[in-house]
Amino acid sequence: MNGFVEADDVRPPVNINEAKKLLTEAGYPNGFGVTLDCPNDRYVNDEAICTATVAMLARVGIRVTLNAQTRARFFAEVNGPRYNTSFYMLGWTPTTSDAHNALFSLAGTRDGSRGVFNNGGYSNRQFDTLVDQIAVETDAAKRQAMISQASKILQDDVAYIPLHQQQIVWAARQGVEVPQTADNYIQLRHVRMPAR
């Protein structure tokens, strides 16, 4: 994926006591309740991942009601125009194989074209400005620095909570070379077969 840098893909350590402290400071010393909208037929083990998330959040006092449903119902509710969710699981693979697609579509302020899949309604002007600049920057190093800066803003704001990166499992007979692309599609032009 263009724009991926290992240093930007670092998860903060789990700290149950700090999480409880932050909840207390936010006015929720006894936690709170929320519904987690989750598909049960879209991603690999999607409902199981959401079930595990419910148990993890319970450790800090967040009571989660899991609303697992078919992808047709799930997407009709959480995506626009309804955006009927406050907490949801969503996977994303940029069809462009570039970070700008995810930044623009998932976290940009909703304006009719930007942020169409920003189901939580996140909005940050500094982030939006960076995304606009990333779209037109031609210097690879400058563009990467902006992508990393935008990623840091999302991490600092906790706009999203990354749960996992879905592993793509492909198999091919010995001697067949099939490059695994980020968009999970087999591009036949890149497949190499042994000579007969």
# chains A, B, ... in the order shown; residues from 1 in each chain; ligands from 1

$ residues_around --residues "A:Arg125" --least-positions-apart "5" --cutoff "10 Å" --atoms "only C-alpha atoms" --output "PyMOL selection string"
chain A and resi 108-109+130-131

$ residues_around --residues "A:Thr93" --least-positions-apart "6" --cutoff "12 Å" --atoms "only C-alpha atoms" --output "list in words"
Met1, Asn2, Tyr43, Ala99, His100, Asn101, Ala102, Leu103, Ser105, Leu106, Gln165, Gln166, Ile168, Thr181, Ala182, Asp183, Asn184 and Tyr185 of chain A

$ closest_residue --among "A:Leu90, A:His164, A:Asp98, A:Ala55" --to "A:Gln144" --atoms "only C-alpha atoms"
A:Asp98

$ closest_residue --among "A:Ser151, A:Asn67, A:Gln167, A:Ser97" --to "A:Asp37" --atoms "only C-alpha atoms"
A:Asn67

$ select_by_dssp --residues "stretch 51-130 of chain A" --states "alpha helix (DSSP H)" --output "VMD selection string"
chain A and resid 51 to 58 71 to 78 99 to 102 125 to 130

$ write_last_selection --atoms "N, CA, C and O atoms" --output "CSV table (one decimal), in the first residue's frame"
chain,number,residue,atom,x,y,z
A,51,THR,N,-17.2,-9.9,19.1
A,51,THR,CA,-17.4,-10.6,20.4
A,51,THR,C,-16.2,-10.4,21.3
A,51,THR,O,-16.3,-10.1,22.5
A,52,ALA,N,-15.0,-10.6,20.8
A,52,ALA,CA,-13.8,-10.5,21.6
A,52,ALA,C,-13.6,-9.0,22.0
A,52,ALA,O,-13.2,-8.7,23.2
A,53,THR,N,-14.0,-8.1,21.2
A,53,THR,CA,-13.9,-6.6,21.5
A,53,THR,C,-14.9,-6.3,22.7
A,53,THR,O,-14.5,-5.6,23.6
A,54,VAL,N,-16.0,-6.9,22.7
A,54,VAL,CA,-17.0,-6.7,23.8
A,54,VAL,C,-16.3,-7.1,25.1
A,54,VAL,O,-16.4,-6.4,26.1
A,55,ALA,N,-15.7,-8.3,25.1
A,55,ALA,CA,-15.0,-8.8,26.3
A,55,ALA,C,-13.9,-7.9,26.8
A,55,ALA,O,-13.7,-7.6,27.9
A,56,MET,N,-13.1,-7.4,25.8
A,56,MET,CA,-12.0,-6.5,26.1
A,56,MET,C,-12.4,-5.2,26.7
A,56,MET,O,-11.8,-4.8,27.7
A,57,LEU,N,-13.5,-4.6,26.2
A,57,LEU,CA,-13.9,-3.3,26.7
A,57,LEU,C,-14.6,-3.5,28.0
A,57,LEU,O,-14.6,-2.5,28.9
A,58,ALA,N,-15.2,-4.6,28.3
A,58,ALA,CA,-15.8,-4.9,29.6
A,58,ALA,C,-14.7,-4.8,30.7
A,58,ALA,O,-15.0,-4.4,31.9
A,71,ARG,N,-24.4,-8.3,6.3
A,71,ARG,CA,-23.8,-7.1,5.8
A,71,ARG,C,-24.8,-6.2,5.1
A,71,ARG,O,-24.6,-4.9,5.1
A,72,ALA,N,-25.8,-6.7,4.4
A,72,ALA,CA,-26.8,-5.8,3.8
A,72,ALA,C,-27.5,-4.9,4.8
A,72,ALA,O,-27.6,-3.7,4.6
A,73,ARG,N,-27.9,-5.5,5.9
A,73,ARG,CA,-28.5,-4.6,6.9
A,73,ARG,C,-27.5,-3.7,7.6
A,73,ARG,O,-27.8,-2.6,7.9
A,74,PHE,N,-26.3,-4.3,7.9
A,74,PHE,CA,-25.3,-3.5,8.6
A,74,PHE,C,-24.9,-2.3,7.8
A,74,PHE,O,-25.0,-1.1,8.3
A,75,PHE,N,-24.6,-2.4,6.5
A,75,PHE,CA,-24.1,-1.3,5.7
A,75,PHE,C,-25.3,-0.3,5.4
A,75,PHE,O,-25.0,0.9,5.4
A,76,ALA,N,-26.5,-0.8,5.3
A,76,ALA,CA,-27.6,0.1,5.2
A,76,ALA,C,-27.8,1.0,6.4
A,76,ALA,O,-28.2,2.2,6.2
A,77,GLU,N,-27.5,0.6,7.5
A,77,GLU,CA,-27.6,1.4,8.7
A,77,GLU,C,-26.4,2.3,9.0
A,77,GLU,O,-26.6,3.5,9.2
A,78,VAL,N,-25.2,1.7,8.9
A,78,VAL,CA,-24.0,2.5,9.4
A,78,VAL,C,-23.5,3.5,8.3
A,78,VAL,O,-22.9,4.5,8.6
A,99,ALA,N,-2.7,5.4,0.3
A,99,ALA,CA,-3.2,5.8,1.6
A,99,ALA,C,-4.2,7.0,1.5
A,99,ALA,O,-5.2,7.1,2.3
A,100,HIS,N,-4.1,7.8,0.5
A,100,HIS,CA,-5.0,9.0,0.3
A,100,HIS,C,-6.5,8.5,0.3
A,100,HIS,O,-7.3,9.2,0.9
A,101,ASN,N,-6.7,7.4,-0.4
A,101,ASN,CA,-8.1,6.9,-0.5
A,101,ASN,C,-8.7,6.7,0.8
A,101,ASN,O,-9.9,7.1,1.1
A,102,ALA,N,-8.0,6.0,1.7
A,102,ALA,CA,-8.6,5.7,3.1
A,102,ALA,C,-8.7,7.0,3.9
A,102,ALA,O,-9.7,7.2,4.6
A,125,ARG,N,-10.0,20.1,10.9
A,125,ARG,CA,-9.6,21.0,9.8
A,125,ARG,C,-8.2,20.7,9.4
A,125,ARG,O,-7.9,20.8,8.2
A,126,GLN,N,-7.3,20.6,10.4
A,126,GLN,CA,-5.9,20.4,10.1
A,126,GLN,C,-5.7,19.1,9.2
A,126,GLN,O,-5.0,19.1,8.3
A,127,PHE,N,-6.4,18.0,9.6
A,127,PHE,CA,-6.4,16.8,8.9
A,127,PHE,C,-6.9,17.0,7.5
A,127,PHE,O,-6.3,16.5,6.5
A,128,ASP,N,-8.0,17.6,7.3
A,128,ASP,CA,-8.6,17.9,6.0
A,128,ASP,C,-7.7,18.6,5.1
A,128,ASP,O,-7.5,18.3,3.9
A,129,THR,N,-7.0,19.6,5.6
A,129,THR,CA,-6.0,20.4,4.9
A,129,THR,C,-4.9,19.5,4.4
A,129,THR,O,-4.5,19.6,3.2
A,130,LEU,N,-4.4,18.6,5.3
A,130,LEU,CA,-3.3,17.7,4.9
A,130,LEU,C,-3.8,16.7,3.8
A,130,LEU,O,-3.1,16.5,2.8

$ residues_around --residues "A:Arg173" --least-positions-apart "5" --cutoff "12 Å" --atoms "only C-alpha atoms" --output "ChimeraX atom specification"
/A:178,192-194

$ select_by_dssp --residues "stretch 67-151 of chain A" --states "strand (DSSP E or B)" --output "ChimeraX atom specification"
/A:67-69,88,98

$ atom_distance --atom1 "atom CA of A:Asp132" --atom2 "atom CA of A:Leu154"
15.4 Å

$ atom_distance --atom1 "atom CA of A:Thr24" --atom2 "atom CA of A:Ile62"
11.8 Å

$ closest_residue --among "A:Arg63, A:Gly3, A:Ile153, A:Val191" --to "A:Thr96" --atoms "only C-alpha atoms"
A:Gly3

$ closest_residue --among "A:Val176, A:Ala26, A:Ala19, A:Leu36" --to "A:Thr85" --atoms "only C-alpha atoms"
A:Leu36

$ closest_residue --among "A:Pro13, A:Gly27, A:Pro162, A:Pro179" --to "A:Trp92" --atoms "only C-alpha atoms"
A:Pro162

$ residues_around --residues "A:Asn17" --least-positions-apart "3" --cutoff "8 Å" --atoms "only C-alpha atoms" --output "ChimeraX atom specification"
/A:20-21,60

$ write_last_selection --atoms "C-alpha atoms" --output "PDB file, in the first residue's frame"
ATOM      1  CA  LYS A  20     -10.197   3.375  33.889  1.00  0.00           C
ATOM      2  CA  LYS A  21      -8.525   6.591  35.059  1.00  0.00           C
ATOM      3  CA  VAL A  60     -12.407  -1.219  31.714  1.00  0.00           C
TER       4      VAL A  60
END

$ atom_distance --atom1 "atom CA of A:Met146" --atom2 "atom CA of A:Gln133"
7.9 Å
